[in-house]
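Shown here: input_35.cif, mmCIF, C-alpha atoms and all ligand atoms.
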```cif
data_protein
loop_
_atom_site.group_PDB
_atom_site.id
_atom_site.type_symbol
_atom_site.label_atom_id
_atom_site.label_comp_id
_atom_site.auth_asym_id
_atom_site.auth_seq_id
_atom_site.Cartn_x
_atom_site.Cartn_y
_atom_site.Cartn_z
ATOM 1 C CA MET L 1 29.426 57.554 27.973
ATOM 2 C CA THR L 2 30.035 53.994 29.122
ATOM 3 C CA ARG L 3 31.974 52.690 32.080
ATOM 4 C CA SER L 4 34.696 51.313 29.858
ATOM 5 C CA ASP L 5 35.768 54.863 28.956
ATOM 6 C CA ASP L 6 38.884 55.924 30.861
ATOM 7 C CA ASN L 7 37.313 59.299 31.596
ATOM 8 C CA TRP L 8 34.029 57.930 32.873
ATOM 9 C CA ARG L 9 32.861 59.611 36.083
ATOM 10 C CA PRO L 10 29.797 58.805 38.112
ATOM 11 C CA GLY L 11 28.863 62.472 38.500
ATOM 12 C CA PRO L 12 29.978 66.084 37.921
ATOM 13 C CA GLU L 13 33.598 67.269 37.831
ATOM 14 C CA THR L 14 35.128 67.147 41.367
ATOM 15 C CA PRO L 15 38.568 66.570 42.840
ATOM 16 C CA ARG L 16 39.306 62.949 42.141
ATOM 17 C CA ALA L 17 40.123 60.543 44.946
ATOM 18 C CA HIS L 18 42.448 57.660 44.167
ATOM 19 C CA HIS L 19 42.391 55.889 47.523
ATOM 20 C CA PHE L 20 39.954 55.470 50.327
ATOM 21 C CA ASP L 21 39.619 54.165 53.835
ATOM 22 C CA ALA L 22 36.323 52.663 54.861
ATOM 23 C CA ALA L 23 34.866 51.747 58.228
ATOM 24 C CA PHE L 24 31.622 51.363 60.161
ATOM 25 C CA CYS L 25 31.106 53.611 63.179
ATOM 26 C CA GLY L 26 28.684 51.446 65.103
ATOM 27 C CA ASP L 27 25.655 53.759 64.749
ATOM 28 C CA PRO L 28 22.814 51.467 63.570
ATOM 29 C CA ASN L 29 21.410 54.252 61.321
ATOM 30 C CA CYS L 30 24.770 54.702 59.653
ATOM 31 C CA GLY L 31 26.138 52.841 56.695
ATOM 32 C CA ILE L 32 29.774 52.737 55.727
ATOM 33 C CA HIS L 33 32.023 55.780 56.275
ATOM 34 C CA ILE L 34 34.419 56.361 53.408
ATOM 35 C CA VAL L 35 37.339 58.796 53.595
ATOM 36 C CA ALA L 36 38.612 59.797 50.169
ATOM 37 C CA PHE L 37 42.305 60.542 49.525
ATOM 38 C CA THR L 38 44.168 62.196 46.658
ATOM 39 C CA GLU L 39 46.875 60.338 44.788
ATOM 40 C CA ARG L 40 49.349 61.885 47.285
ATOM 41 C CA HIS L 41 47.352 60.535 50.231
ATOM 42 C CA GLN L 42 45.861 63.900 51.216
ATOM 43 C CA PRO L 43 42.362 63.378 52.653
ATOM 44 C CA ILE L 44 39.679 65.113 50.576
ATOM 45 C CA CYS L 45 36.465 64.439 52.426
ATOM 46 C CA GLU L 46 34.520 61.897 54.399
ATOM 47 C CA ILE L 47 31.439 60.315 52.875
ATOM 48 C CA VAL L 48 28.913 59.224 55.474
ATOM 49 C CA THR L 49 26.442 56.832 53.921
ATOM 50 C CA SER L 50 23.122 55.586 55.218
ATOM 51 C CA ALA L 51 22.449 51.874 55.680
ATOM 52 C CA ARG L 52 20.300 52.023 52.505
ATOM 53 C CA GLN L 53 23.108 53.643 50.504
ATOM 54 C CA THR L 54 25.511 50.972 51.742
ATOM 55 C CA LEU L 55 23.152 48.303 50.411
ATOM 56 C CA MET L 56 23.111 50.205 47.116
ATOM 57 C CA LEU L 57 26.915 50.087 47.056
ATOM 58 C CA VAL L 58 26.823 46.343 47.711
ATOM 59 C CA GLU L 59 24.386 45.902 44.806
ATOM 60 C CA ILE L 60 26.640 47.921 42.493
ATOM 61 C CA CYS L 61 29.595 45.724 43.534
ATOM 62 C CA GLN L 62 27.550 42.552 43.025
ATOM 63 C CA ASP L 63 26.563 43.675 39.518
ATOM 64 C CA TYR L 64 30.209 44.448 38.796
ATOM 65 C CA LEU L 65 31.396 41.061 40.075
ATOM 66 C CA TYR L 66 28.598 39.268 38.216
ATOM 67 C CA GLU L 67 29.587 41.031 34.987
ATOM 68 C CA LYS L 68 33.260 40.159 35.524
ATOM 69 C CA ALA L 69 32.424 36.552 36.325
ATOM 70 C CA THR L 70 30.164 36.150 33.305
ATOM 71 C CA GLN L 71 32.767 37.586 30.942
ATOM 72 C CA ARG L 72 34.953 34.581 31.658
ATOM 73 C CA VAL L 73 32.391 31.829 31.218
ATOM 74 C CA ASP L 74 30.889 30.302 28.109
ATOM 75 C CA ASP L 75 27.198 30.352 27.263
ATOM 76 C CA GLN L 76 26.374 27.127 29.104
ATOM 77 C CA GLN L 77 28.138 28.235 32.264
ATOM 78 C CA LEU L 78 26.416 31.598 31.976
ATOM 79 C CA ALA L 79 23.045 29.884 31.748
ATOM 80 C CA ASP L 80 23.896 27.787 34.827
ATOM 81 C CA LEU L 81 25.047 30.851 36.720
ATOM 82 C CA LYS L 82 21.857 32.740 35.880
ATOM 83 C CA LEU L 83 19.856 29.721 37.060
ATOM 84 C CA GLU L 84 21.768 29.675 40.347
ATOM 85 C CA LEU L 85 20.914 33.348 40.839
ATOM 86 C CA LEU L 86 17.186 32.720 40.420
ATOM 87 C CA PRO L 87 14.973 32.639 43.501
ATOM 88 C CA ALA L 88 14.665 29.089 44.840
ATOM 89 C CA ASP L 89 10.958 28.703 43.956
ATOM 90 C CA ARG L 90 11.525 29.889 40.368
ATOM 91 C CA LEU L 91 14.497 27.530 40.076
ATOM 92 C CA SER L 92 12.498 24.547 41.313
ATOM 93 C CA ALA L 93 9.600 25.438 38.952
ATOM 94 C CA LEU L 94 12.070 25.501 36.045
ATOM 95 C CA ARG L 95 13.581 22.165 37.119
ATOM 96 C CA GLN L 96 10.083 20.688 37.224
ATOM 97 C CA GLU L 97 9.349 22.067 33.722
ATOM 98 C CA LEU L 98 12.631 20.640 32.471
ATOM 99 C CA ALA L 99 11.855 17.190 33.934
ATOM 100 C CA GLU L 100 8.402 17.248 32.314
ATOM 101 C CA ALA L 101 9.829 18.358 28.972
ATOM 102 C CA LYS L 102 12.393 15.519 29.121
ATOM 103 C CA GLU L 103 9.656 13.016 29.867
ATOM 104 C CA HIS L 104 7.565 14.360 26.980
ATOM 105 C CA ALA L 105 10.580 14.204 24.653
ATOM 106 C CA GLU L 106 11.211 10.592 25.689
ATOM 107 C CA SER L 107 7.640 9.584 24.888
ATOM 108 C CA LEU L 108 7.834 11.376 21.520
ATOM 109 C CA GLN L 109 11.137 9.618 20.841
ATOM 110 C CA PHE L 110 9.536 6.254 21.663
ATOM 111 C CA THR L 111 6.690 6.936 19.193
ATOM 112 C CA PHE L 112 9.168 8.146 16.587
ATOM 113 C CA ASP L 113 11.352 5.030 17.018
ATOM 114 C CA LEU L 114 8.328 2.721 16.569
ATOM 115 C CA GLN L 115 7.326 4.609 13.435
ATOM 116 C CA TRP L 116 10.906 4.586 12.149
ATOM 117 C CA LYS L 117 11.283 0.809 12.597
ATOM 118 C CA ALA L 118 7.951 0.216 10.811
ATOM 119 C CA ASP L 119 9.074 2.529 7.991
ATOM 120 C CA MET L 120 12.367 0.670 7.678
ATOM 121 C CA ARG L 121 10.531 -2.681 7.410
ATOM 122 C CA ALA L 122 8.366 -1.225 4.625
ATOM 123 C CA VAL L 123 11.445 0.224 2.870
ATOM 124 C CA ALA L 124 13.127 -3.207 3.033
ATOM 125 C CA ARG L 125 10.069 -4.810 1.362
ATOM 126 C CA TRP L 126 9.992 -2.084 -1.296
ATOM 127 C CA ARG L 127 13.739 -2.584 -2.042
ATOM 128 C CA GLU L 128 13.219 -6.354 -2.344
ATOM 129 C CA ALA L 129 10.491 -5.674 -4.914
ATOM 130 C CA HIS L 130 12.576 -3.022 -6.736
ATOM 131 C CA PRO L 131 16.069 -4.537 -7.260
ATOM 132 C CA GLY L 132 18.964 -2.140 -7.794
ATOM 133 C CA ASN L 133 17.496 0.493 -5.473
ATOM 134 C CA ASP L 134 19.423 -0.440 -2.341
ATOM 135 C CA LEU L 135 20.383 3.158 -1.690
ATOM 136 C CA VAL L 136 16.976 4.643 -2.554
ATOM 137 C CA LEU L 137 14.721 5.836 0.223
ATOM 138 C CA PRO L 138 11.271 5.905 -1.369
ATOM 139 C CA ASP L 139 8.951 8.826 -0.747
ATOM 140 C CA ARG L 140 6.716 7.927 2.175
ATOM 141 C CA ALA L 141 3.404 8.611 0.398
ATOM 142 C CA ASN L 142 4.547 6.515 -2.585
ATOM 143 C CA LEU L 143 5.642 3.788 -0.195
ATOM 144 C CA VAL L 144 2.240 3.678 1.491
ATOM 145 C CA VAL L 145 0.462 3.636 -1.911
ATOM 146 C CA TRP L 146 2.738 0.782 -3.037
ATOM 147 C CA LEU L 147 2.068 -1.188 0.176
ATOM 148 C CA ILE L 148 -1.697 -0.757 -0.249
ATOM 149 C CA GLU L 149 -1.461 -1.909 -3.870
ATOM 150 C CA GLU L 150 0.547 -4.966 -2.762
ATOM 151 C CA TYR L 151 -2.067 -5.691 -0.134
ATOM 152 C CA GLU L 152 -4.915 -5.337 -2.659
ATOM 153 C CA LYS L 153 -3.064 -7.683 -5.080
ATOM 154 C CA LEU L 154 -2.609 -10.300 -2.352
ATOM 155 C CA LYS L 155 -6.252 -10.016 -1.354
ATOM 156 C CA ALA L 156 -7.358 -10.421 -5.006
ATOM 157 C CA GLU L 157 -5.057 -13.464 -5.448
ATOM 158 C CA ARG L 158 -6.571 -15.151 -2.424
ATOM 159 C CA HIS L 159 -10.093 -14.730 -3.770
ATOM 160 C CA ASP L 160 -9.160 -16.113 -7.228
HETATM 161 ZN ZN ZN D 201 28.386 56.748 61.372
#
```

Please express the file's structure as structure tokens.
Ligand SMILES: [Zn+2]
Amino acid sequence: MTRSDDNWRPGPETPRAHHFDAAFCGDPNCGIHIVAFTERHQPICEIVTSARQTLMLVEICQDYLYEKATQRVDDQQLADLKLELLPADRLSALRQELAEAKEHAESLQFTFDLQWKADMRAVARWREAHPGNDLVLPDRANLVVWLIEEYEKLKAERHD
């Protein structure tokens, strides 16, 4: 059974409380005191929790609030929220990794751009030599073979 079921209960069948009062008594070994009431405001019982159990309650509430909050955010916001919830050292390690990855991507982009511009110069030469192919992007291997052939021809002409 999941918590979304209307009949979900955390434990066995018991009288069901619909209201509660909660307070701390001041005893350092005590957690929160909760008095449960019926729908008609009749007290049912008092739950005396330990400090540890109170922390457990806080964790359950945090999980609940986190779930509610994340239901209303998109994937990017969810990712940001999860990042914010990471321990500080893990977060700073991830930020460092991200900065390094960005730097690496920039250097790859620089190399790619150089290569791309060189390719485009070669394509322009090939189109000049092959009129009517202004929209054709020649296969790269064929382009290189053609350029080498052109180079060999030029070299041969010079030695004639
Ligand atoms: Zn107490």

What are the closest atom pairs, with distances in Å to one decimal, for all residues of chain L lying within 6 Å of ligand ZN 201 (chain D)? Consider all atoms listed in the file, order rows by chain and residue number, and present the result as CSV.
```
residue,atom,partner,partner_atom,distance
L:Cys25,CA,D:ZN201,ZN,4.5
L:Asp27,CA,D:ZN201,ZN,5.3
L:Cys30,CA,D:ZN201,ZN,4.5
```

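A straight line drawn from atom CA of Leu91 of chain L to atom CA of Glu106 of chain L is 22.5 Å long.
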
Spell out the residues picked by the PyMOL selection byres (((chain L and resi 52-61) around 10) and not hetatm) here, as a PDB file with C-alpha atoms, keeping the file's coordinate frame.
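To be explicit, this is the file written out as expr-v5.pdb:
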```pdb
ATOM      1  CA  ASN L  29      21.410  54.252  61.321  1.00  0.00           C
ATOM      2  CA  CYS L  30      24.770  54.702  59.653  1.00  0.00           C
ATOM      3  CA  GLY L  31      26.138  52.841  56.695  1.00  0.00           C
ATOM      4  CA  ILE L  32      29.774  52.737  55.727  1.00  0.00           C
ATOM      5  CA  HIS L  33      32.023  55.780  56.275  1.00  0.00           C
ATOM      6  CA  VAL L  48      28.913  59.224  55.474  1.00  0.00           C
ATOM      7  CA  THR L  49      26.442  56.832  53.921  1.00  0.00           C
ATOM      8  CA  SER L  50      23.122  55.586  55.218  1.00  0.00           C
ATOM      9  CA  ALA L  51      22.449  51.874  55.680  1.00  0.00           C
ATOM     10  CA  GLN L  62      27.550  42.552  43.025  1.00  0.00           C
ATOM     11  CA  ASP L  63      26.563  43.675  39.518  1.00  0.00           C
ATOM     12  CA  TYR L  64      30.209  44.448  38.796  1.00  0.00           C
ATOM     13  CA  LEU L  65      31.396  41.061  40.075  1.00  0.00           C
ATOM     14  CA  TYR L  66      28.598  39.268  38.216  1.00  0.00           C
ATOM     15  CA  GLU L  67      29.587  41.031  34.987  1.00  0.00           C
TER      16      GLU L  67
END
```

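Taking atom CA of Lys102 of chain L and atom CA of Asp119 of chain L as the two end points, the separation is 25.0 Å.
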
Axis-aligned box for all listed atoms of segment 27-36 of chain L, 5 Å per side, centre and edges in Å to one decimal, as AutoDock Vina command-line options:
```
--center_x 30.0 --center_y 55.6 --center_z 57.5 --size_x 27.2 --size_y 18.3 --size_z 24.6
```

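Environment of (42.4, 59.3, 48.5): residues at most 6 Å away, judged by all atoms listed in the file, are Ala17, His18, His19, Phe20, Ala36, Phe37, Thr38, Glu39, His41 and Pro43 of chain L.
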
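Close contacts of Val136 of chain L, defined as residues with an atom at most 12 Å away when counting only C-alpha atoms, with chain neighbours fewer than 3 positions off set aside, comprise Met120, Val123, Ala124, Trp126, Arg127, Glu128, His130, Pro131, Gly132, Asn133, Asp139, Arg140 and Leu143 of chain L.
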
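Picture a line from atom CA of Glu84 of chain L to atom CA of Lys68 of chain L; it runs 16.3 Å.
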